[in-house]
file start_25.txt (compact mmCIF, C-alpha atoms)
# COMPACT_ATOMS: atom_id res chain seq x y z
CA MET Y 108 1.87 -18.63 11.52
CA SER Y 109 0.83 -16.00 14.04
CA ALA Y 110 0.02 -18.14 17.05
CA ILE Y 111 -0.08 -16.05 20.18
CA ALA Y 112 0.99 -17.33 23.54
CA ALA Y 113 -1.91 -18.76 25.45
CA ALA Y 114 -1.48 -16.30 28.28
CA ALA Y 115 -2.52 -13.39 26.08
CA PRO Y 116 -6.14 -12.26 26.52
CA ALA Y 117 -8.33 -12.67 23.43
CA ARG Y 118 -9.41 -9.03 23.19
CA LEU Y 119 -7.97 -5.72 22.09
CA ASP Y 120 -5.61 -4.84 24.94
CA ARG Y 121 -5.81 -1.10 25.49
CA ARG Y 122 -3.12 -1.17 28.15
CA GLY Y 123 -0.58 -2.73 25.81
CA LEU Y 124 -1.53 -0.55 22.86
CA GLY Y 125 -1.71 2.53 25.06
CA VAL Y 126 1.83 2.10 26.37
CA LEU Y 127 3.23 1.35 22.92
CA SER Y 128 1.35 4.32 21.46
CA PHE Y 129 2.69 6.64 24.16
CA GLY Y 130 6.20 5.47 23.39
CA HIS Y 131 5.47 6.10 19.71
CA LEU Y 132 4.23 9.58 20.59
CA SER Y 133 7.39 10.30 22.56
CA VAL Y 134 9.91 9.33 19.88
CA ASP Y 135 7.99 11.08 17.11
CA LEU Y 136 7.75 14.13 19.37
CA ALA Y 137 11.56 14.02 19.55
CA GLN Y 138 11.67 14.34 15.77
CA GLY Y 139 8.89 16.92 15.71
CA THR Y 140 10.87 19.24 17.99
CA VAL Y 141 13.60 19.79 15.39
CA PRO Y 142 11.69 21.97 12.88
CA ALA Y 143 10.40 24.04 15.80
CA LEU Y 144 13.95 24.52 17.12
CA LEU Y 145 15.39 25.81 13.84
CA PRO Y 146 14.11 29.43 14.10
CA PHE Y 147 15.53 29.69 17.61
CA LEU Y 148 18.88 28.25 16.52
CA VAL Y 149 19.09 30.73 13.66
CA ARG Y 150 18.12 33.61 15.92
CA ASP Y 151 20.22 32.77 18.99
CA ARG Y 152 23.25 31.07 17.45
CA GLY Y 153 23.42 32.75 14.08
CA TYR Y 154 23.21 29.56 12.02
CA SER Y 155 22.72 30.03 8.30
CA TYR Y 156 19.59 28.67 6.68
CA ALA Y 157 21.66 25.97 5.02
CA ALA Y 158 23.22 24.96 8.34
CA ALA Y 159 19.81 24.91 10.02
CA GLY Y 160 18.39 22.82 7.20
CA ALA Y 161 21.23 20.32 7.56
CA LEU Y 162 20.14 19.71 11.15
CA LEU Y 163 16.93 18.23 9.77
CA LEU Y 164 19.07 15.75 7.87
CA PHE Y 165 20.98 14.86 11.05
CA SER Y 166 17.69 14.29 12.85
CA SER Y 167 16.53 11.81 10.21
CA ILE Y 168 19.71 9.84 9.51
CA GLY Y 169 19.07 7.18 12.11
CA SER Y 170 15.29 7.15 11.99
CA SER Y 171 15.21 6.69 8.22
CA PHE Y 172 18.24 4.64 7.26
CA LEU Y 173 19.15 2.63 10.38
CA GLN Y 174 15.70 1.19 10.94
CA PRO Y 175 15.99 -1.66 8.40
CA LEU Y 176 19.32 -2.76 9.91
CA LEU Y 177 18.01 -2.57 13.46
CA GLY Y 178 14.84 -4.35 12.38
CA ALA Y 179 16.86 -7.18 10.82
CA PHE Y 180 18.94 -7.38 14.01
CA ALA Y 181 15.78 -7.58 16.12
CA ASP Y 182 14.49 -10.44 13.95
CA ARG Y 183 17.37 -12.62 15.16
CA ILE Y 184 17.15 -12.05 18.92
CA ARG Y 185 14.71 -11.04 21.61
CA ALA Y 186 15.11 -7.29 21.34
CA GLY Y 187 12.25 -5.83 23.35
CA TRP Y 188 14.89 -3.91 25.32
CA MET Y 189 15.42 -1.78 22.20
CA MET Y 190 12.19 0.07 22.94
CA PRO Y 191 13.11 1.68 26.30
CA VAL Y 192 16.70 2.17 25.14
CA GLY Y 193 15.33 3.92 22.07
CA THR Y 194 13.12 6.29 24.05
CA LEU Y 195 16.02 6.98 26.43
CA LEU Y 196 18.34 7.89 23.56
CA ALA Y 197 15.62 10.08 22.05
CA ALA Y 198 15.21 11.85 25.40
CA THR Y 199 18.98 12.28 25.78
CA GLY Y 200 19.41 13.71 22.30
CA VAL Y 201 16.54 16.16 22.67
CA ALA Y 202 17.62 17.26 26.15
CA LEU Y 203 21.25 17.92 25.13
CA SER Y 204 20.55 19.46 21.72
CA GLY Y 205 19.91 22.82 23.34
CA GLN Y 206 22.77 22.72 25.83
CA PHE Y 207 25.77 23.20 23.53
CA ASP Y 208 26.88 26.24 21.58
CA SER Y 209 28.83 24.08 19.16
CA TYR Y 210 27.08 23.29 15.88
CA VAL Y 211 28.82 19.91 15.67
CA ALA Y 212 27.72 18.99 19.19
CA THR Y 213 24.15 20.06 18.46
CA GLY Y 214 24.09 17.99 15.28
CA GLY Y 215 25.62 15.05 17.15
CA MET Y 216 22.87 15.15 19.76
CA LEU Y 217 20.23 15.12 17.04
CA VAL Y 218 21.91 12.07 15.49
CA ILE Y 219 21.76 10.32 18.89
CA SER Y 220 18.07 11.18 19.13
CA SER Y 221 17.45 9.81 15.63
CA ILE Y 222 19.18 6.54 16.55
CA GLY Y 223 16.81 6.25 19.49
CA VAL Y 224 13.86 6.79 17.17
CA ALA Y 225 15.20 4.07 14.88
CA MET Y 226 15.62 1.64 17.79
CA TYR Y 227 12.09 2.10 19.09
CA HIS Y 228 10.06 1.62 15.93
CA PRO Y 229 10.81 -1.94 14.68
CA GLU Y 230 10.15 -3.66 18.00
CA ALA Y 231 7.27 -1.37 18.95
CA ILE Y 232 5.41 -2.02 15.73
CA ARG Y 233 6.16 -5.72 16.08
CA PHE Y 234 4.52 -5.85 19.52
CA ALA Y 235 1.71 -3.52 18.44
CA SER Y 236 0.94 -5.99 15.66
CA TYR Y 237 1.11 -8.94 18.09
CA VAL Y 238 -1.27 -7.23 20.52
CA ALA Y 239 -3.67 -6.22 17.74
CA VAL Y 240 -3.70 -9.69 16.19
CA ALA Y 241 -4.39 -11.23 19.62
CA GLY Y 242 -7.43 -8.97 19.93
CA GLY Y 243 -8.71 -9.97 16.50
CA ARG Y 244 -8.57 -6.41 15.13
CA GLN Y 245 -5.16 -5.86 13.62
CA GLY Y 246 -6.20 -2.84 11.56
CA THR Y 247 -7.83 -1.04 14.48
CA GLY Y 248 -4.94 -1.79 16.82
CA MET Y 249 -2.31 -0.65 14.34
CA SER Y 250 -4.23 2.54 13.66
CA MET Y 251 -4.24 3.31 17.39
CA PHE Y 252 -0.47 2.85 17.40
CA ALA Y 253 -0.18 5.09 14.35
CA VAL Y 254 -2.21 7.91 15.88
CA GLY Y 255 0.26 7.96 18.77
CA GLY Y 256 3.05 8.79 16.33
CA MET Y 257 1.01 11.43 14.49
CA SER Y 258 0.12 13.02 17.81
CA GLY Y 259 3.82 13.15 18.70
CA TRP Y 260 4.67 14.97 15.47
CA ALA Y 261 1.93 17.51 16.22
CA LEU Y 262 2.87 17.89 19.89
CA GLY Y 263 6.56 18.49 19.10
CA PRO Y 264 6.23 22.11 17.94
CA ILE Y 265 3.24 22.77 20.25
CA LEU Y 266 5.37 21.92 23.31
CA THR Y 267 8.78 23.08 22.10
CA THR Y 268 7.88 26.58 20.91
CA PRO Y 269 6.48 28.02 24.18
CA VAL Y 270 9.06 26.23 26.34
CA VAL Y 271 12.05 27.46 24.36
CA ASP Y 272 10.50 30.90 23.92
CA LEU Y 273 10.12 31.15 27.70
CA VAL Y 274 13.40 29.70 29.01
CA GLY Y 275 15.65 29.61 25.94
CA LEU Y 276 17.26 26.71 24.11
CA ARG Y 277 18.22 24.98 27.33
CA GLY Y 278 14.52 24.33 27.75
CA THR Y 279 14.92 21.30 25.47
CA ALA Y 280 15.63 19.43 28.70
CA ILE Y 281 12.02 20.09 29.72
CA VAL Y 282 10.71 18.79 26.40
CA ALA Y 283 12.77 15.63 26.91
CA CYS Y 284 10.68 14.76 29.97
CA VAL Y 285 8.07 13.22 27.64
CA PRO Y 286 10.35 10.53 26.10
CA LEU Y 287 11.95 10.06 29.53
CA ALA Y 288 8.54 9.26 31.01
CA ALA Y 289 7.95 6.86 28.11
CA THR Y 290 11.24 5.14 28.92
CA LEU Y 291 10.05 4.35 32.43
CA LEU Y 292 6.59 3.27 31.30
CA VAL Y 293 7.73 1.07 28.41
CA GLY Y 294 10.52 -0.47 30.47
CA ALA Y 295 8.11 -1.35 33.25
CA ASN Y 296 5.85 -3.17 30.76
CA LEU Y 297 8.43 -5.22 28.85
CA ARG Y 298 7.47 -8.49 30.54
CA TYR Y 299 3.83 -7.70 29.90
CA PHE Y 300 4.50 -7.31 26.17
CA GLU Y 301 6.38 -10.60 26.06
CA ARG Y 302 3.10 -12.40 26.75
CA TYR Y 303 2.13 -11.59 23.19
CA ARG Y 304 5.26 -12.83 21.47
CA PRO Y 305 4.37 -15.62 19.01
CA THR Y 306 5.19 -19.07 20.35
CA VAL Y 307 7.52 -19.67 17.41
CA GLU Y 308 9.95 -17.30 19.04
CA THR Y 309 9.97 -19.38 22.22
CA GLY Y 310 10.66 -22.58 20.32
CA HIS Y 311 7.14 -24.06 20.62
CA VAL Y 312 6.42 -23.89 16.89
CA PRO Y 313 8.89 -24.90 14.16
CA ARG Y 314 10.27 -21.86 12.38
CA GLU Y 315 9.35 -23.32 8.98
CA GLN Y 316 5.67 -23.12 9.90
CA LEU Y 317 5.86 -19.36 9.64
CA GLY Y 318 5.63 -19.62 5.86
CA GLU Y 319 7.93 -18.53 3.09
CA SER Y 320 8.97 -14.95 2.48
CA ASP Y 321 7.33 -13.29 -0.52
CA TRP Y 322 10.00 -10.79 -1.51
CA PRO Y 323 8.23 -9.58 -4.71
CA ALA Y 324 5.10 -8.75 -2.70
CA PHE Y 325 7.22 -6.99 -0.08
CA THR Y 326 8.97 -4.99 -2.81
CA VAL Y 327 5.64 -3.86 -4.25
CA ALA Y 328 4.39 -2.78 -0.82
CA ALA Y 329 7.62 -0.90 -0.06
CA ALA Y 330 7.59 0.79 -3.47
CA ALA Y 331 3.97 1.89 -3.10
CA GLY Y 332 4.75 3.21 0.38
CA THR Y 333 7.78 5.14 -0.85
CA LEU Y 334 5.90 6.73 -3.75
CA ARG Y 335 2.89 7.79 -1.67
CA THR Y 336 5.23 9.24 0.96
CA GLY Y 337 7.13 11.18 -1.71
CA ALA Y 338 3.86 12.62 -2.98
CA LEU Y 339 2.71 13.71 0.48
CA PHE Y 340 6.08 15.23 1.34
CA GLY Y 341 5.96 17.13 -1.95
CA PHE Y 342 2.55 18.58 -1.11
CA GLN Y 343 3.62 19.45 2.42
CA ALA Y 344 6.67 21.29 1.10
CA PHE Y 345 5.14 23.17 -1.81
CA VAL Y 346 1.45 23.75 -1.16
CA PRO Y 347 2.21 26.57 1.33
CA LEU Y 348 4.55 28.22 -1.18
CA TYR Y 349 2.04 27.68 -4.00
CA VAL Y 350 -0.75 29.28 -1.98
CA TRP Y 351 1.48 32.23 -1.11
CA ARG Y 352 3.26 32.84 -4.39
CA SER Y 353 0.92 31.53 -7.07
CA LEU Y 354 -2.51 32.07 -5.52
CA ASP Y 355 -1.57 35.48 -4.05
CA SER Y 356 -2.51 34.55 -0.51
CA SER Y 357 -0.31 34.50 2.61
CA GLU Y 358 2.19 32.19 4.23
CA SER Y 359 -0.18 31.59 7.15
CA ILE Y 360 -3.00 30.52 4.83
CA GLY Y 361 -0.65 28.11 3.08
CA ASN Y 362 0.46 26.61 6.39
CA ALA Y 363 -3.19 26.34 7.47
CA ALA Y 364 -3.89 24.24 4.36
CA ILE Y 365 -1.21 21.75 5.37
CA ALA Y 366 -2.47 21.76 8.96
CA ALA Y 367 -5.90 20.78 7.61
CA MET Y 368 -4.28 18.01 5.58
CA LEU Y 369 -2.43 16.60 8.60
CA ALA Y 370 -5.44 16.86 10.91
CA ALA Y 371 -7.62 15.03 8.40
CA GLY Y 372 -4.83 12.48 7.99
CA ALA Y 373 -5.03 11.57 11.68
CA VAL Y 374 -8.72 10.77 11.23
CA GLY Y 375 -7.93 8.85 8.06
CA THR Y 376 -5.46 6.68 9.93
CA LEU Y 377 -8.22 5.49 12.29
CA PHE Y 378 -10.65 4.93 9.42
CA GLY Y 379 -8.05 2.98 7.47
CA GLY Y 380 -7.46 0.59 10.34
CA ARG Y 381 -11.14 -0.11 10.91
CA LEU Y 382 -11.84 -0.52 7.20
CA SER Y 383 -8.92 -2.93 6.87
CA ASP Y 384 -10.42 -5.14 9.57
CA LEU Y 385 -13.74 -5.16 7.72
CA HIS Y 386 -12.67 -5.36 4.07
CA GLY Y 387 -9.03 -6.45 3.98
CA PHE Y 388 -5.73 -4.57 3.95
CA ARG Y 389 -5.03 -4.91 0.24
CA ARG Y 390 -8.44 -3.54 -0.74
CA VAL Y 391 -8.03 -0.49 1.50
CA VAL Y 392 -4.55 0.19 0.09
CA VAL Y 393 -5.54 -0.17 -3.56
CA ILE Y 394 -8.78 1.81 -3.32
CA SER Y 395 -7.38 4.63 -1.18
CA LEU Y 396 -4.36 5.06 -3.43
CA GLY Y 397 -6.60 4.89 -6.48
CA VAL Y 398 -8.87 7.63 -5.13
CA SER Y 399 -5.92 9.75 -3.95
CA ALA Y 400 -4.39 9.91 -7.44
CA PRO Y 401 -7.10 12.02 -9.17
CA LEU Y 402 -7.48 14.19 -6.07
CA ALA Y 403 -3.75 14.91 -6.17
CA LEU Y 404 -3.96 15.87 -9.83
CA LEU Y 405 -6.63 18.45 -8.98
CA ILE Y 406 -4.50 20.25 -6.36
CA PRO Y 407 -2.58 22.45 -8.87
CA ILE Y 408 -5.78 23.26 -10.79
CA VAL Y 409 -8.47 24.30 -8.33
CA PRO Y 410 -8.86 27.85 -6.92
CA LEU Y 411 -7.93 28.64 -3.33
CA LEU Y 412 -11.52 28.30 -2.11
CA LEU Y 413 -11.62 24.66 -3.19
CA LEU Y 414 -8.03 23.88 -2.28
CA PHE Y 415 -8.72 23.66 1.46
CA PRO Y 416 -11.46 21.00 1.37
CA LEU Y 417 -9.65 19.16 -1.44
CA ILE Y 418 -6.33 18.85 0.38
CA ALA Y 419 -8.12 17.88 3.59
CA VAL Y 420 -9.91 15.07 1.77
CA LEU Y 421 -6.60 14.06 0.17
CA GLY Y 422 -4.97 13.87 3.61
CA LEU Y 423 -7.89 11.85 4.97
CA ILE Y 424 -7.80 9.26 2.18
CA SER Y 425 -4.02 9.11 1.77
CA GLU Y 426 -3.38 8.28 5.42
CA MET Y 427 -5.86 5.40 5.30
CA ASN Y 428 -3.24 3.29 3.55
CA PHE Y 429 0.05 3.93 5.36
CA TYR Y 430 -0.19 1.38 8.16
CA PRO Y 431 -2.12 -1.13 6.02
CA ILE Y 432 0.92 -1.00 3.71
CA VAL Y 433 3.15 -1.74 6.71
CA VAL Y 434 0.96 -4.72 7.65
CA LEU Y 435 1.08 -6.09 4.08
CA ALA Y 436 4.88 -5.77 4.11
CA GLN Y 437 5.08 -7.62 7.44
CA ARG Y 438 2.84 -10.40 6.14
CA SER Y 439 5.03 -10.75 3.06
CA LEU Y 440 8.08 -11.38 5.26
CA PRO Y 441 6.76 -13.36 8.25
CA ARG Y 442 10.30 -14.37 9.22
CA HIS Y 443 11.62 -10.81 8.96
CA VAL Y 444 8.93 -8.67 10.58
CA GLY Y 445 11.46 -6.25 12.08
CA PHE Y 446 13.20 -5.73 8.75
CA ALA Y 447 9.87 -5.21 6.96
CA SER Y 448 8.85 -2.64 9.58
CA GLY Y 449 12.21 -0.88 9.36
CA VAL Y 450 11.95 -0.52 5.60
CA THR Y 451 8.34 0.64 5.43
CA LEU Y 452 8.54 2.92 8.48
CA GLY Y 453 12.09 4.16 8.03
CA LEU Y 454 13.78 3.67 4.70
CA SER Y 455 10.71 4.30 2.56
CA ILE Y 456 10.09 7.56 4.41
CA GLY Y 457 13.73 8.56 4.02
CA LEU Y 458 13.67 7.81 0.31
CA GLY Y 459 10.28 9.48 -0.08
CA SER Y 460 11.63 12.64 1.54
CA LEU Y 461 14.21 12.89 -1.24
CA ALA Y 462 11.36 13.80 -3.59
CA SER Y 463 11.07 17.25 -2.02
CA PRO Y 464 14.48 18.62 -3.12
CA LEU Y 465 13.98 17.11 -6.59
CA LEU Y 466 10.58 18.73 -6.85
CA GLY Y 467 12.22 21.93 -5.60
CA VAL Y 468 14.51 21.89 -8.63
CA LEU Y 469 11.41 21.57 -10.82
CA ALA Y 470 9.83 24.52 -8.98
CA ASP Y 471 12.97 26.66 -9.45
CA HIS Y 472 13.29 25.95 -13.16
CA VAL Y 473 9.63 25.67 -14.20
CA SER Y 474 7.03 26.69 -11.60
CA LEU Y 475 5.48 25.78 -8.27
CA ARG Y 476 2.49 24.38 -10.15
CA ALA Y 477 4.86 22.05 -12.01
CA ALA Y 478 6.26 20.83 -8.69
CA LEU Y 479 2.73 20.03 -7.48
CA PHE Y 480 2.04 18.14 -10.69
CA GLY Y 481 5.28 16.26 -10.02
CA ALA Y 482 4.02 15.29 -6.56
CA ALA Y 483 0.71 14.23 -8.08
CA THR Y 484 2.57 12.04 -10.56
CA LEU Y 485 4.12 10.16 -7.64
CA ALA Y 486 0.62 9.60 -6.24
CA VAL Y 487 -0.50 8.17 -9.60
CA LEU Y 488 2.53 5.88 -9.70
CA ALA Y 489 1.80 4.66 -6.18
CA ALA Y 490 -1.75 3.76 -7.23
CA LEU Y 491 -0.50 1.87 -10.27
CA VAL Y 492 2.16 -0.01 -8.31
CA SER Y 493 -0.38 -1.07 -5.67
CA LEU Y 494 -2.35 -2.98 -8.29
CA ALA Y 495 0.48 -5.54 -8.30
CA LEU Y 496 -0.10 -6.39 -4.62
CA PRO Y 497 -1.10 -10.04 -4.31
CA GLY Y 498 -4.54 -10.90 -3.02
CA GLU Y 499 -5.00 -11.75 0.63
CA PRO Y 500 -5.90 -15.28 1.68
CA SER Y 501 -9.59 -15.71 2.30

call {"tool": "encode", "arguments": {"input": "start_25.txt", "output": "C-alpha cells"}}
result
Amino acid sequence: MSAIAAAAPARLDRRGLGVLSFGHLSVDLAQGTVPALLPFLVRDRGYSYAAAGALLLFSSIGSSFLQPLLGAFADRIRAGWMMPVGTLLAATGVALSGQFDSYVATGGMLVISSIGVAMYHPEAIRFASYVAVAGGRQGTGMSMFAVGGMSGWALGPILTTPVVDLVGLRGTAIVACVPLAATLLVGANLRYFERYRPTVETGHVPREQLGESDWPAFTVAAAAGTLRTGALFGFQAFVPLYVWRSLDSSESIGNAAIAAMLAAGAVGTLFGGRLSDLHGFRRVVVISLGVSAPLALLIPIVPLLLLFPLIAVLGLISEMNFYPIVVLAQRSLPRHVGFASGVTLGLSIGLGSLASPLLGVLADHVSLRAALFGAATLAVLAALVSLALPGEPS
C-alpha cells in the first residue's frame, strides 16, 4: 500500500522534486568529475594509464556495490539523514582528491566520494517516488529526478576541465561547492520530505498491508536493467574507437556520436516517464527494449552517415526504460524499496559496466565490429528477459 500522509499536497511538488533532483545532480557530478580529472593526473603526477584507469574503479566501488546494502539498511530505519550525509561525503571526496600527491590518498578520497554517492541514492529515489506518487504522476516525477542525475554526469567534465586547467588539481575544492550546496539544501528540507513518507512507516498502517514481495519479478527487472546497461556501456566504450579505427574517421567524431547518444538519452528519460504515466511502466519497458534491440544490431552495419542519427535514436529509446525498470523493481519489493533501488541503481550498473572489459577482449582478439555486435546481443537479451515481467494491476 502506498498511502501518503494526509499533510502531503495532492499535486506534483516541484519544490520537493527540485531539491531531490539537485542533490542527484550533485552526487552524479561528483562521479562525472573523475574521467575529466584523469588526463590532468597523468600529466601532472605521472600516473600510468593503468593507474589512472584504476581510479575509475575506486570511484565506483561504493556507488555500485554498497548501494544495495545501504538501501536494505534504510528499509529498516528512518534514514533520510543519509541524503545530506551522502552529498557531504561526495563533496569531501571531490574536494580532497586534488589536494594530495599520494596515489593512495587520491584513491582513498575517491572511495569516500563513492560512498557518499551510494548513501544518497536509495533514500533520494525513495522520497522522489513518494513525492511523485502523491502528485499522481510517478513516471513524470521520477523522470525529473533522473534528468537531475544525467545533468550531473554532463556537468562534471564541463565544470571540472576549465577549473582544473585554470588553477590546477587543487581546484577540485571549487568543484566540490556544488555537492556542498546540495548538502545545505537537502538538509534544510528533510522535515519537508518526511511529509511524504507512507503512513505505514509511522505505524498508522499495518506492515502486512504493504503486500508480499515478488522476488521473481524483481529478479527479472534487475536482470533486464543489468543487460541494457551492459549494452549501453559497450556502445559508449567502443563506438568512438569503431568510428576512428574502422570507419576511418577521427576520435572527435567518435566522441561526438556518443555525445549525441547521451543528449538524446536525456530527452528519452523525460518521454519515458510521461509515457509510463499514460500507458503503464511494464509496457514502456517491454516496447522500448524491444525497439532498441534491432537498432543496436544495426550499429555495426550502417555507414558513418547513418550512424549518428541511428545511435541518437538508440539513446533516446533506450533511456525511456531505465527509471521505469527501477519503479517496477520497487513495486515488486514494497517492503524493501531501498534495497530494490540500491540494486537497480547501483549493483546492476556496476555489473553492467563489467561488460566493457569483456567486450574489449572480443575487440582485441576479433574486431571492434565484433565488440559492437556483442553489445547488441546484450540489448537483445534485455528485450527477451523483459517479456517475463508480470503485468501491472489494472

call {"tool": "closest_residue", "arguments": {"input": "start_25.txt", "among": "Y:Ala202, Y:Val141, Y:Leu461, Y:Leu297", "to": "Ala231 (chain Y)", "atoms": "only C-alpha atoms"}}
result
Y:Leu297

call {"tool": "closest_residue", "arguments": {"input": "start_25.txt", "among": "Y:Gly380, Y:Pro497, Y:Pro416, Y:Gly341", "to": "Ser460 (chain Y)", "atoms": "all atoms listed in the file"}}
result
Y:Gly341

call {"tool": "residues_around", "arguments": {"input": "start_25.txt", "residues": "region 393-395 of chain Y", "least_positions_apart": "5", "cutoff": "7 Å", "atoms": "all atoms listed in the file", "output": "count of residues only"}}
result
7

call {"tool": "closest_residue", "arguments": {"input": "start_25.txt", "among": "Y:Gln437, Y:Ser258, Y:Ser171, Y:Ser463", "to": "Leu369 (chain Y)", "atoms": "all atoms listed in the file"}}
result
Y:Ser258

call {"tool": "closest_residue", "arguments": {"input": "start_25.txt", "among": "Y:Tyr430, Y:Tyr210, Y:Phe325, Y:Trp188", "to": "Val392 (chain Y)", "atoms": "all atoms listed in the file"}}
result
Y:Tyr430

call {"tool": "closest_residue", "arguments": {"input": "start_25.txt", "among": "Y:Val192, Y:Val218, Y:Ala482, Y:Ile432", "to": "Thr326 (chain Y)", "atoms": "all atoms listed in the file"}}
result
Y:Ile432

call {"tool": "closest_residue", "arguments": {"input": "start_25.txt", "among": "Y:Phe147, Y:Phe234, Y:Trp322, Y:Phe207", "to": "Ala280 (chain Y)", "atoms": "only C-alpha atoms"}}
result
Y:Phe207
